[in-house]
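Okay, protein27.txt now, which holds compact mmCIF, C-alpha atoms:
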```
# COMPACT_ATOMS: atom_id res chain seq x y z
CA MET A 1 0.27 58.37 -108.55
CA ARG A 2 -1.20 59.86 -111.71
CA SER A 3 -4.15 57.49 -111.56
CA LEU A 4 -4.87 58.64 -108.00
CA LEU A 5 -4.72 62.33 -108.87
CA LEU A 6 -6.83 62.10 -112.02
CA PRO A 7 -10.25 61.73 -110.30
CA PHE A 8 -9.52 64.70 -108.03
CA LEU A 9 -8.45 66.80 -111.01
CA VAL A 10 -11.65 65.98 -112.90
CA VAL A 11 -13.79 66.90 -109.88
CA PHE A 12 -11.89 70.17 -109.44
CA LEU A 13 -12.29 71.18 -113.09
CA LEU A 14 -16.01 70.38 -113.05
CA ALA A 15 -16.52 72.40 -109.87
CA ALA A 16 -14.61 75.37 -111.26
CA SER A 17 -16.60 75.40 -114.48
CA SER A 18 -20.02 74.73 -112.93
CA PRO A 19 -21.08 78.42 -112.53
CA ILE A 20 -20.45 79.04 -116.24
CA LEU A 21 -22.15 75.78 -117.25
CA GLU A 22 -25.12 76.63 -115.04
CA ALA A 23 -25.41 80.14 -116.52
CA ALA A 24 -25.17 78.75 -120.05
CA SER A 25 -27.79 76.04 -119.48
CA LYS A 26 -30.31 78.17 -117.61
CA ARG A 27 -32.74 79.88 -119.99
CA TYR A 28 -33.12 83.62 -119.74
CA VAL A 29 -36.66 84.56 -118.69
CA LEU A 30 -38.39 87.60 -120.19
CA VAL A 31 -41.84 88.64 -118.98
CA ILE A 32 -43.90 90.65 -121.47
CA ASP A 33 -46.80 92.53 -119.93
CA ALA A 34 -49.55 93.80 -122.24
CA GLY A 35 -51.05 96.64 -120.21
CA HIS A 36 -54.77 96.73 -119.30
CA GLY A 37 -57.22 94.10 -120.64
CA GLY A 38 -60.73 92.76 -120.07
CA LYS A 39 -62.93 95.29 -118.28
CA ASP A 40 -59.97 97.68 -118.17
CA PHE A 41 -59.91 99.26 -121.64
CA GLY A 42 -57.09 101.70 -120.95
CA ALA A 43 -57.18 104.78 -123.17
CA VAL A 44 -59.98 104.78 -125.75
CA ARG A 45 -60.33 106.97 -128.82
CA GLY A 46 -63.16 106.12 -131.22
CA GLN A 47 -63.03 102.45 -132.15
CA TYR A 48 -59.47 102.04 -130.88
CA LYS A 49 -58.71 100.68 -127.41
CA GLU A 50 -55.37 100.76 -125.67
CA LYS A 51 -55.75 97.21 -124.35
CA GLU A 52 -55.90 95.86 -127.93
CA ILE A 53 -52.91 97.86 -129.17
CA ASN A 54 -50.80 96.76 -126.21
CA LEU A 55 -51.70 93.10 -126.73
CA GLU A 56 -50.94 93.13 -130.47
CA ILE A 57 -47.47 94.60 -129.92
CA ALA A 58 -46.77 92.27 -126.97
CA LEU A 59 -47.68 89.16 -128.97
CA LYS A 60 -45.63 90.29 -131.98
CA LEU A 61 -42.65 90.95 -129.71
CA GLY A 62 -42.99 87.57 -128.04
CA GLU A 63 -43.25 85.80 -131.39
CA LEU A 64 -40.05 87.43 -132.64
CA ILE A 65 -38.17 86.33 -129.55
CA GLU A 66 -39.59 82.80 -129.53
CA GLN A 67 -38.70 82.31 -133.20
CA ASN A 68 -35.20 83.77 -133.09
CA MET A 69 -33.86 83.43 -129.53
CA PRO A 70 -34.25 79.82 -128.37
CA ASP A 71 -32.26 80.51 -125.20
CA VAL A 72 -35.01 82.88 -123.99
CA ARG A 73 -38.20 81.75 -122.30
CA VAL A 74 -41.05 84.21 -122.85
CA VAL A 75 -43.72 84.53 -120.16
CA TYR A 76 -46.83 86.64 -120.81
CA THR A 77 -48.98 88.27 -118.15
CA ARG A 78 -51.85 87.87 -120.62
CA GLN A 79 -52.25 86.53 -124.16
CA SER A 80 -55.92 87.37 -124.60
CA ASP A 81 -58.46 90.01 -123.61
CA VAL A 82 -58.57 89.27 -119.88
CA PHE A 83 -58.33 91.48 -116.80
CA VAL A 84 -55.17 90.99 -114.74
CA GLU A 85 -54.79 92.90 -111.48
CA LEU A 86 -51.79 95.18 -111.25
CA ASP A 87 -50.04 93.39 -108.40
CA GLN A 88 -50.55 90.05 -110.16
CA ARG A 89 -48.50 91.23 -113.12
CA SER A 90 -45.37 91.73 -111.02
CA ALA A 91 -46.22 88.53 -109.09
CA ILE A 92 -46.16 86.58 -112.37
CA ALA A 93 -42.70 88.00 -113.12
CA ASN A 94 -41.39 87.23 -109.64
CA LYS A 95 -42.78 83.68 -109.68
CA ALA A 96 -41.15 83.05 -113.06
CA LYS A 97 -37.85 84.35 -111.65
CA ALA A 98 -37.67 86.68 -114.60
CA ASN A 99 -34.49 88.39 -115.71
CA LEU A 100 -36.37 91.30 -117.29
CA PHE A 101 -39.91 92.72 -117.20
CA ILE A 102 -41.30 94.83 -120.07
CA SER A 103 -44.74 96.42 -119.73
CA ILE A 104 -46.25 97.76 -122.96
CA HIS A 105 -48.70 100.66 -122.92
CA THR A 106 -50.24 103.37 -125.10
CA ASN A 107 -50.19 107.01 -124.05
CA ALA A 108 -53.02 109.57 -124.02
CA THR A 109 -53.98 112.92 -122.59
CA GLU A 110 -57.24 113.94 -120.93
CA THR A 111 -58.35 115.85 -124.03
CA SER A 112 -60.07 114.24 -127.03
CA SER A 113 -57.18 115.25 -129.29
CA THR A 114 -53.61 116.32 -128.62
CA THR A 115 -50.49 117.65 -130.29
CA ALA A 116 -48.36 115.59 -127.87
CA SER A 117 -46.62 112.81 -129.76
CA GLY A 118 -43.86 110.25 -129.57
CA ALA A 119 -42.72 107.19 -127.66
CA GLU A 120 -41.13 107.17 -124.22
CA THR A 121 -39.86 104.54 -121.81
CA TYR A 122 -40.21 104.73 -118.04
CA ILE A 123 -38.24 103.21 -115.20
CA LEU A 124 -39.22 103.31 -111.55
CA GLY A 125 -38.64 106.55 -109.68
CA LEU A 126 -40.20 109.78 -108.52
CA ALA A 127 -41.85 111.78 -111.30
CA ARG A 128 -40.02 115.09 -111.65
CA SER A 129 -42.57 116.73 -113.93
CA LYS A 130 -46.34 117.13 -114.10
CA GLU A 131 -46.34 115.30 -117.43
CA ASN A 132 -44.61 112.22 -115.99
CA LEU A 133 -46.89 112.25 -112.95
CA ALA A 134 -49.97 112.44 -115.18
CA VAL A 135 -48.86 109.33 -117.08
CA ALA A 136 -48.27 107.40 -113.84
CA LYS A 137 -51.62 108.49 -112.38
CA ARG A 138 -53.47 107.33 -115.49
CA GLU A 139 -51.76 103.94 -115.62
CA ASN A 140 -52.12 103.35 -111.86
CA ALA A 141 -55.83 104.21 -111.91
CA VAL A 142 -56.54 100.64 -113.01
CA ILE A 143 -56.43 99.57 -109.34
CA LEU A 144 -59.77 101.36 -108.85
CA LEU A 145 -61.33 98.46 -110.79
CA GLU A 146 -59.97 95.93 -108.29
CA ASP A 147 -61.75 94.69 -105.17
CA ASP A 148 -60.41 95.99 -101.86
CA TYR A 149 -57.69 97.98 -103.63
CA SER A 150 -57.13 100.31 -100.67
CA ARG A 151 -56.03 97.45 -98.39
CA LYS A 152 -54.12 95.63 -101.12
CA TYR A 153 -52.07 98.69 -102.07
CA GLU A 154 -51.71 99.95 -98.49
CA GLY A 155 -53.91 103.02 -98.88
CA PHE A 156 -52.32 104.17 -102.13
CA ASP A 157 -54.58 106.63 -103.97
CA PRO A 158 -53.64 106.78 -107.68
CA LYS A 159 -55.29 110.19 -108.05
CA SER A 160 -53.48 111.86 -105.13
CA PRO A 161 -50.05 113.45 -105.74
CA GLU A 162 -49.25 112.87 -102.07
CA SER A 163 -49.35 109.09 -102.58
CA TYR A 164 -46.45 109.33 -105.00
CA ILE A 165 -44.08 110.68 -102.36
CA ILE A 166 -43.29 107.06 -101.42
CA PHE A 167 -41.35 106.69 -104.66
CA GLU A 168 -38.92 109.41 -103.55
CA PHE A 169 -37.61 107.13 -100.81
CA MET A 170 -37.37 104.02 -102.92
CA THR A 171 -34.01 102.76 -104.07
CA ASN A 172 -34.05 100.24 -106.87
CA LYS A 173 -30.95 98.08 -107.18
CA TYR A 174 -31.95 97.34 -110.76
CA MET A 175 -32.10 100.99 -111.83
CA GLU A 176 -28.90 100.92 -113.87
CA GLN A 177 -29.92 97.80 -115.83
CA SER A 178 -33.45 99.14 -116.29
CA TYR A 179 -32.05 102.39 -117.62
CA GLU A 180 -29.70 100.55 -119.98
CA MET A 181 -32.55 98.56 -121.54
CA ALA A 182 -34.80 101.63 -121.67
CA SER A 183 -32.08 103.56 -123.51
CA TYR A 184 -31.76 100.78 -126.08
CA VAL A 185 -35.53 100.84 -126.63
CA GLN A 186 -35.58 104.57 -127.26
CA SER A 187 -32.57 104.31 -129.57
CA GLU A 188 -34.34 101.66 -131.67
CA PHE A 189 -37.57 103.69 -131.76
CA ARG A 190 -35.58 106.61 -133.09
CA LYS A 191 -33.82 104.52 -135.74
CA SER A 192 -36.57 102.30 -137.07
CA THR A 193 -40.03 103.72 -136.32
CA ASN A 194 -42.01 106.84 -137.14
CA GLN A 195 -42.20 107.80 -133.48
CA ARG A 196 -40.56 110.87 -131.99
CA ASP A 197 -38.07 110.00 -129.26
CA LYS A 198 -39.37 111.39 -125.96
CA GLY A 199 -36.54 109.79 -124.03
CA VAL A 200 -36.16 107.74 -120.87
CA ARG A 201 -38.13 109.02 -117.88
CA GLN A 202 -38.90 108.14 -114.28
CA ALA A 203 -42.27 107.89 -112.56
CA GLY A 204 -44.03 105.94 -109.84
CA PHE A 205 -45.67 102.97 -111.55
CA LEU A 206 -47.17 100.38 -109.22
CA VAL A 207 -46.61 97.62 -111.78
CA LEU A 208 -42.84 98.22 -111.56
CA ARG A 209 -42.67 98.74 -107.79
CA LYS A 210 -42.70 95.08 -106.72
CA SER A 211 -40.87 93.59 -109.69
CA GLY A 212 -37.70 91.94 -108.42
CA MET A 213 -35.74 92.39 -111.63
CA PRO A 214 -34.83 95.14 -114.14
CA SER A 215 -38.18 96.55 -115.28
CA LEU A 216 -39.49 99.16 -117.67
CA LEU A 217 -42.77 100.49 -118.98
CA VAL A 218 -42.96 101.50 -122.64
CA GLU A 219 -45.47 104.07 -123.91
CA VAL A 220 -45.50 103.48 -127.68
CA GLY A 221 -47.37 106.66 -128.68
CA PHE A 222 -50.42 108.85 -128.12
CA ILE A 223 -53.69 107.25 -129.15
CA ASN A 224 -55.40 110.65 -129.31
CA ASN A 225 -52.77 112.22 -131.59
CA PRO A 226 -53.95 111.78 -135.22
CA SER A 227 -50.51 110.84 -136.56
CA ASP A 228 -49.46 108.65 -133.63
CA GLY A 229 -52.90 107.06 -133.48
CA ALA A 230 -52.87 106.07 -137.14
CA TYR A 231 -49.39 104.56 -136.79
CA ILE A 232 -49.81 102.57 -133.57
CA THR A 233 -53.16 101.11 -134.66
CA SER A 234 -51.82 99.97 -138.05
CA ARG A 235 -50.38 96.49 -138.55
CA SER A 236 -47.18 97.90 -140.01
CA GLY A 237 -46.77 100.35 -137.15
CA GLN A 238 -47.30 97.66 -134.53
CA SER A 239 -44.80 95.41 -136.32
CA ASP A 240 -42.25 98.26 -136.43
CA LEU A 241 -42.65 98.91 -132.71
CA ALA A 242 -42.39 95.24 -131.78
CA LEU A 243 -39.27 94.83 -133.93
CA ALA A 244 -37.68 97.91 -132.35
CA ILE A 245 -38.21 96.53 -128.83
CA TYR A 246 -36.93 93.14 -130.01
CA ASN A 247 -33.72 94.65 -131.39
CA ALA A 248 -33.25 96.61 -128.16
CA PHE A 249 -33.69 93.40 -126.17
CA LYS A 250 -31.11 91.61 -128.34
CA LYS A 251 -28.55 94.29 -127.52
CA TYR A 252 -29.36 94.14 -123.83
CA LYS A 253 -29.30 90.32 -123.77
CA ARG A 254 -25.99 90.23 -125.63
CA GLU A 255 -24.40 92.42 -122.95
CA PHE A 256 -25.99 90.26 -120.24
CA ASP A 257 -24.49 87.12 -121.77
CA LYS A 258 -21.03 88.69 -121.94
CA LYS A 259 -21.16 89.48 -118.22
CA GLN A 260 -22.24 85.91 -117.46
CA GLY A 261 -19.39 84.47 -119.51
CA ILE A 262 -21.80 82.96 -122.03
CA ALA A 263 -20.70 82.71 -125.67
CA VAL A 264 -22.66 85.17 -127.78
CA HIS A 265 -24.21 83.75 -130.95
CA PRO A 266 -25.99 85.83 -133.60
CA SER A 267 -29.78 85.63 -133.56
CA LYS A 268 -31.65 84.31 -136.58
CA GLY A 269 -33.87 87.34 -137.15
CA GLY A 270 -34.04 91.09 -136.79
CA ASP A 271 -31.10 93.43 -137.05
CA ASN A 272 -28.04 91.21 -136.60
CA SER A 273 -25.68 94.10 -137.19
CA SER A 274 -27.19 96.19 -134.42
CA ALA A 275 -24.55 95.27 -131.83
CA ASP A 276 -21.75 96.27 -134.17
CA SER A 277 -23.40 99.62 -134.80
CA LEU A 278 -23.36 100.60 -131.12
CA ASP A 279 -21.46 103.80 -130.62
CA GLU A 280 -18.62 103.94 -128.13
CA GLY A 281 -20.87 105.45 -125.48
CA GLN A 282 -23.28 102.52 -125.62
CA LYS A 283 -20.36 100.11 -125.28
CA GLY A 284 -19.58 101.83 -122.00
CA HIS A 285 -16.54 103.88 -122.95
CA ILE A 286 -16.23 107.25 -121.30
CA ALA A 287 -15.96 110.44 -123.29
CA ARG A 288 -15.31 112.44 -120.16
CA GLU A 289 -14.74 116.14 -119.92
CA ARG A 290 -14.26 118.23 -116.82
CA VAL A 291 -17.10 120.74 -116.84
CA ALA A 292 -15.64 123.02 -114.19
CA ASP A 293 -12.37 122.73 -112.29
CA ASN A 294 -12.53 123.73 -108.66
CA THR A 295 -11.05 120.76 -106.86
CA ASN A 296 -9.99 122.66 -103.74
CA SER A 297 -13.42 124.01 -102.90
CA SER A 298 -15.26 122.65 -99.87
CA LEU A 299 -18.74 121.17 -100.08
CA SER A 300 -20.17 124.35 -98.58
CA ASP A 301 -18.46 126.41 -101.30
CA ARG A 302 -19.82 124.09 -103.95
CA ASN A 303 -23.31 124.31 -102.54
CA SER A 304 -23.13 128.10 -102.63
CA GLY A 305 -22.73 127.99 -106.39
CA LYS A 306 -19.06 129.00 -106.62
CA THR A 307 -17.50 127.46 -109.72
CA SER A 308 -14.48 128.23 -111.83
CA ASP A 309 -14.96 130.67 -114.72
CA ARG A 310 -12.47 128.76 -116.83
CA GLY A 311 -13.74 126.99 -119.94
CA ALA A 312 -14.22 123.25 -120.24
CA LEU A 313 -11.00 121.31 -119.76
CA LYS A 314 -10.34 117.96 -121.41
CA ASP A 315 -9.56 115.34 -118.76
CA LYS A 316 -8.06 112.26 -120.34
CA SER A 317 -6.09 111.13 -117.28
CA PHE A 318 -8.57 108.48 -116.16
CA PRO A 319 -7.72 106.77 -112.87
CA GLN A 320 -6.33 103.29 -113.40
CA GLY A 321 -8.24 100.44 -111.83
CA ILE A 322 -11.65 100.72 -110.20
CA GLU A 323 -13.25 104.14 -109.73
CA TYR A 324 -16.66 105.00 -108.29
CA ARG A 325 -18.57 108.16 -109.20
CA LEU A 326 -22.02 109.57 -108.48
CA GLN A 327 -24.33 110.12 -111.44
CA ILE A 328 -26.38 113.22 -110.66
CA CYS A 329 -28.25 114.00 -113.89
CA THR A 330 -28.51 113.35 -117.62
CA SER A 331 -29.15 115.59 -120.60
CA PRO A 332 -29.67 115.10 -124.34
CA LYS A 333 -27.33 118.04 -124.90
CA LYS A 334 -24.07 119.26 -123.42
CA LEU A 335 -24.59 121.54 -120.44
CA SER A 336 -22.65 124.67 -119.61
CA GLN A 337 -20.34 124.54 -116.60
CA LYS A 338 -22.60 127.20 -115.08
CA SER A 339 -25.77 125.17 -115.56
CA SER A 340 -28.20 125.50 -112.69
CA ARG A 341 -28.82 121.75 -112.94
CA PHE A 342 -25.52 121.13 -111.12
CA LYS A 343 -26.81 123.12 -108.11
CA GLY A 344 -23.37 124.57 -107.50
CA LEU A 345 -21.45 121.28 -107.40
CA SER A 346 -17.96 121.38 -108.86
CA PRO A 347 -16.03 119.74 -110.42
CA VAL A 348 -18.56 117.87 -112.54
CA ASP A 349 -17.55 115.39 -115.25
CA TYR A 350 -19.62 113.69 -117.89
CA TYR A 351 -19.52 110.57 -120.01
CA ILE A 352 -21.55 109.86 -123.14
CA GLU A 353 -23.79 106.81 -123.35
CA GLY A 354 -26.19 106.36 -126.23
CA ASN A 355 -27.31 109.88 -127.11
CA LEU A 356 -27.15 111.21 -123.57
CA TYR A 357 -24.62 113.22 -121.62
CA LYS A 358 -24.45 111.66 -118.15
CA TYR A 359 -23.05 113.96 -115.50
CA THR A 360 -21.12 112.67 -112.51
CA TYR A 361 -19.68 114.13 -109.34
CA GLY A 362 -17.06 112.83 -106.94
CA SER A 363 -14.45 110.14 -107.39
CA ALA A 364 -13.46 107.35 -105.02
CA THR A 365 -11.60 104.07 -105.13
CA SER A 366 -13.77 102.44 -102.47
CA MET A 367 -17.52 101.94 -102.14
CA ARG A 368 -17.35 103.18 -98.53
CA GLU A 369 -15.96 106.55 -99.63
CA ILE A 370 -18.40 107.08 -102.52
CA LEU A 371 -21.31 106.25 -100.22
CA ARG A 372 -20.05 108.91 -97.82
CA ILE A 373 -20.02 111.42 -100.68
CA GLN A 374 -23.47 110.23 -101.77
CA LYS A 375 -24.82 110.99 -98.31
CA GLU A 376 -23.59 114.59 -98.59
CA VAL A 377 -24.70 115.07 -102.19
CA GLY A 378 -28.06 113.49 -101.38
CA LYS A 379 -29.13 116.78 -99.84
CA LEU A 380 -29.00 118.25 -103.36
CA PHE A 381 -29.59 115.20 -105.55
CA LYS A 382 -31.87 112.66 -103.92
CA ASP A 383 -31.75 110.39 -106.98
CA ALA A 384 -27.94 110.35 -107.33
CA PHE A 385 -26.61 106.82 -107.71
CA VAL A 386 -23.21 105.14 -107.88
CA VAL A 387 -21.60 104.33 -111.23
CA LYS A 388 -18.56 102.09 -111.43
CA PHE A 389 -15.65 102.50 -113.88
CA LYS A 390 -12.53 100.51 -114.64
CA ASN A 391 -9.63 102.18 -116.44
CA GLY A 392 -11.99 104.84 -117.77
CA LYS A 393 -14.63 102.37 -118.95
CA LYS A 394 -18.05 102.16 -117.34
CA LEU A 395 -19.02 98.83 -115.82
CA ASN A 396 -22.60 97.65 -115.37
```
Can you dump the structure from the file as structure tokens?
Amino acid sequence: MRSLLLPFLVVFLLAASSPILEAASKRYVLVIDAGHGGKDFGAVRGQYKEKEINLEIALKLGELIEQNMPDVRVVYTRQSDVFVELDQRSAIANKAKANLFISIHTNATETSSTTASGAETYILGLARSKENLAVAKRENAVILLEDDYSRKYEGFDPKSPESYIIFEFMTNKYMEQSYEMASYVQSEFRKSTNQRDKGVRQAGFLVLRKSGMPSLLVEVGFINNPSDGAYITSRSGQSDLALAIYNAFKKYKREFDKKQGIAVHPSKGGDNSSADSLDEGQKGHIARERVADNTNSSLSDRNSGKTSDRGALKDKSFPQGIEYRLQICTSPKKLSQKSSRFKGLSPVDYYIEGNLYKYTYGSATSMREILRIQKEVGKLFKDAFVVKFKNGKKLN
């Protein structure tokens, strides 16, 4: 009897373990996109060209990963000074079935010199400020160098603010993962480079629009700022920036592996202690505080701006099990319960992740219920998205 059962048992065990074995054997694919190239110089100041800065950092980043992370396959959109059309960059990533897409760029303003400085990382979304829109318009203007760009990009005019309205209606299922990686990048810039941290932002970048995976666009600094320009054009500065993005990717990849059930092994190079130095927020733990307590108010009362005058109340009674909430905004500093950014919604909670306060509204134990709340709140916060928690800990 045992001899008859043994083959069936072996088959069953192999079938049960196959998803984990498949995840472990399949190499992670990272696409590194060096912005601009060839006839598209990007921003130019004196002898320095954006296309060259982007390529140097991209190649240094790829080399670090190839040398120290053998389980990662690096795909480049370009490795030399060639022109690659914008839609082809995302097509390369999609064809490679990439797990992550990183586009590297250099910032600039319209003036010959600027006091603007620092590094920032963008994810796809509607630009909420003139500054963010200006960056997107400049980077998207490359399509004007392409043949038949109007047909190819469905009439999109990179210079027209009206064209960017389409990004308001886009929902990106990879937003949370994109934001996570972008936050890691900015954290590493802050820790190990000379660049000022300008934070994670949203804007309508065509190169991110058709990428079927978590995607981000990194602006490493301002080429027309004397201090930034000297740093990002130096070999040491470019090495610093590449290493910072590499360390951010290691953190992100480590979390990815944990979710896939893949054993995490230390990398050979870079900052091997970086994962251990993550603060509790970056590990996903909530440091939640009720900003204003007005649980009996109706949605119409909340919309009218009526909130409790009581001070902030600690709320440590996290619901057990799965909880869904709507993330409505983020801030580098703690906001007052009367902040206009809440648009009258109450009660509002927050959790800390990285160096950001992330504010949430609503609580539900089912996706159906939180989506109903999202539909109501969407009138006030069009970009609100669902965040999932388990026993007070955020899940990705």
_A:Tyr324, A:Phe381, A:Phe222, A:Tyr231 ranked by distance to Gly362 (chain A), top pick (using all atoms listed in the file)_ =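 When distances to Gly362 (chain A) are compared using all atoms listed in the file, the smallest one comes from A:Tyr324.
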Skip region 366-373 of chain A itself and residues of its chain fewer than 6 positions away, then list as an mmCIF file with C-alpha atoms, keeping the file's coordinate frame all residues within 9 Å of it, counting all atoms listed in the file.
```
data_model
loop_
_atom_site.group_PDB
_atom_site.id
_atom_site.type_symbol
_atom_site.label_atom_id
_atom_site.label_comp_id
_atom_site.auth_asym_id
_atom_site.auth_seq_id
_atom_site.Cartn_x
_atom_site.Cartn_y
_atom_site.Cartn_z
ATOM 1 C CA ILE A 322 -11.650 100.720 -110.200
ATOM 2 C CA GLU A 323 -13.250 104.140 -109.730
ATOM 3 C CA TYR A 324 -16.660 105.000 -108.290
ATOM 4 C CA ARG A 325 -18.570 108.160 -109.200
ATOM 5 C CA LEU A 326 -22.020 109.570 -108.480
ATOM 6 C CA VAL A 386 -23.210 105.140 -107.880
#
```
*asked:* Nearest residue to Glu110 (chain A) out of A:Cys329, A:Ala203, A:Ala34, A:Arg45, using all atoms listed in the file?
replied: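 Closest candidate: A:Arg45.
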*Just give me the gap between CA of Ala384 (chain A) and CA of Ala182 (chain A) in Å, one decimal is fine.*
18.1 Å
_Applying 6 Å and all atoms listed in the file, which residues near Asp197 (chain A) remain after dropping the ones on its own chain fewer than 5 positions away? List them as a PyMOL selection string._
chain A and resi 118-119+190
*asked:* Just to confirm, what's the straight-line distance from CA of Asn194 (chain A) to CA of Gly229 (chain A) in Å (one decimal)?
replied: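 Distance reported for this atom pair: 11.5 Å.
Atom to atom, CA of Ala58 (chain A) and CA of Gln202 (chain A) stand 21.8 Å apart.
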*Of the candidates A:Asp228, A:Glu52, A:Asp33, A:Asp240, which one gets nearest to Val74 (chain A) if we count all atoms listed in the file?*
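Closest residue, counting all atoms listed in the file: A:Asp33.
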Within 9 Å of region 87-96 of chain A, which residues of region 178-237 of chain A show up? Give each one with its shortest atom-to-atom distance in Å (one decimal) and the two atoms involved, counting all atoms listed in the file, rows by chain then rising residue number, as CSV.
```
residue,atom,partner,partner_atom,distance
A:Leu206,CA,A:Asp87,CA,7.6
A:Val207,CA,A:Ser90,CA,6.1
A:Leu208,CA,A:Ser90,CA,7.0
A:Arg209,CA,A:Ser90,CA,8.2
A:Lys210,CA,A:Ser90,CA,6.1
A:Ser211,CA,A:Ser90,CA,5.0
A:Gly212,CA,A:Asn94,CA,6.1
A:Met213,CA,A:Asn94,CA,7.9
```
So that I have them on file, write out the residues from the current selection with C-alpha atoms, as a CSV table (one decimal), keeping the file's coordinate frame.
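Once everything was written out, this is part_39.csv:
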```csv
chain,number,residue,atom,x,y,z
A,206,LEU,CA,-47.2,100.4,-109.2
A,207,VAL,CA,-46.6,97.6,-111.8
A,208,LEU,CA,-42.8,98.2,-111.6
A,209,ARG,CA,-42.7,98.7,-107.8
A,210,LYS,CA,-42.7,95.1,-106.7
A,211,SER,CA,-40.9,93.6,-109.7
A,212,GLY,CA,-37.7,91.9,-108.4
A,213,MET,CA,-35.7,92.4,-111.6
```
_Ser187 (chain A) environment, 9 Å, all atoms listed in the file, sequence neighbours closer than 5 positions dropped, as a VMD selection string_ = chain A and resid 182 192 197 199 244 248 354 to 355
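Considering only C-alpha atoms, the residue among A:Ser346, A:Ser339, A:Thr193, A:Thr111 positioned nearest to Ser236 (chain A) is A:Thr193.
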*Best match for closeness to Val75 (chain A) among A:Arg27, A:Glu50, A:Tyr179, A:Glu56, counting all atoms listed in the file*: A:Arg27
*Counting all atoms listed in the file, what is within 7 Å of Tyr361 (chain A), bar same-chain residues fewer than 5 positions away, as JSON, numbers by chain?*
{"A": [325, 326, 327, 328, 347, 348, 349]}
*What would the list of residues within 12 Å of (-59.1, 118.6, -131.4) (file frame) look like as a list in words, if only C-alpha atoms are what count?*
Arg45, Thr109, Glu110, Thr111, Ser112, Ser113, Thr114, Thr115, Ala116, Asn224, Asn225 and Pro226 of chain A
Could you save the residues just selected, with C-alpha atoms, as a compact mmCIF listing (two decimals), in the coordinates of the input?
```txt
# COMPACT_ATOMS: atom_id res chain seq x y z
CA ARG A 45 -60.33 106.97 -128.82
CA THR A 109 -53.98 112.92 -122.59
CA GLU A 110 -57.24 113.94 -120.93
CA THR A 111 -58.35 115.85 -124.03
CA SER A 112 -60.07 114.24 -127.03
CA SER A 113 -57.18 115.25 -129.29
CA THR A 114 -53.61 116.32 -128.62
CA THR A 115 -50.49 117.65 -130.29
CA ALA A 116 -48.36 115.59 -127.87
CA ASN A 224 -55.40 110.65 -129.31
CA ASN A 225 -52.77 112.22 -131.59
CA PRO A 226 -53.95 111.78 -135.22
```
Could you write region 250-262 of chain A of the block just shown to a file containing N, CA and C atoms, as a compact mmCIF listing (two decimals), in the first residue's frame?
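This went into out.txt:
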```txt
# COMPACT_ATOMS: atom_id res chain seq x y z
N LYS A 250 18.03 47.44 -3.76
CA LYS A 250 18.25 46.26 -2.91
C LYS A 250 17.16 46.14 -1.84
N LYS A 251 16.81 47.27 -1.24
CA LYS A 251 15.74 47.25 -0.23
C LYS A 251 14.43 46.80 -0.86
N TYR A 252 14.12 47.40 -1.99
CA TYR A 252 12.86 47.10 -2.68
C TYR A 252 12.83 45.63 -3.10
N LYS A 253 13.93 45.15 -3.66
CA LYS A 253 14.00 43.75 -4.12
C LYS A 253 13.92 42.79 -2.95
N ARG A 254 14.50 43.14 -1.82
CA ARG A 254 14.44 42.28 -0.64
C ARG A 254 12.99 42.10 -0.18
N GLU A 255 12.24 43.19 -0.19
CA GLU A 255 10.83 43.11 0.19
C GLU A 255 10.04 42.30 -0.84
N PHE A 256 10.38 42.47 -2.11
CA PHE A 256 9.72 41.71 -3.17
C PHE A 256 9.95 40.21 -2.96
N ASP A 257 11.18 39.83 -2.66
CA ASP A 257 11.51 38.42 -2.45
C ASP A 257 10.75 37.83 -1.27
N LYS A 258 10.62 38.61 -0.21
CA LYS A 258 9.89 38.13 0.96
C LYS A 258 8.45 37.80 0.60
N LYS A 259 7.84 38.67 -0.19
CA LYS A 259 6.44 38.46 -0.58
C LYS A 259 6.28 37.25 -1.50
N GLN A 260 7.35 36.94 -2.25
CA GLN A 260 7.30 35.80 -3.16
C GLN A 260 7.69 34.49 -2.48
N GLY A 261 8.08 34.59 -1.20
CA GLY A 261 8.51 33.40 -0.49
C GLY A 261 9.89 32.93 -0.86
N ILE A 262 10.71 33.87 -1.38
CA ILE A 262 12.07 33.53 -1.79
C ILE A 262 13.03 33.86 -0.65
```
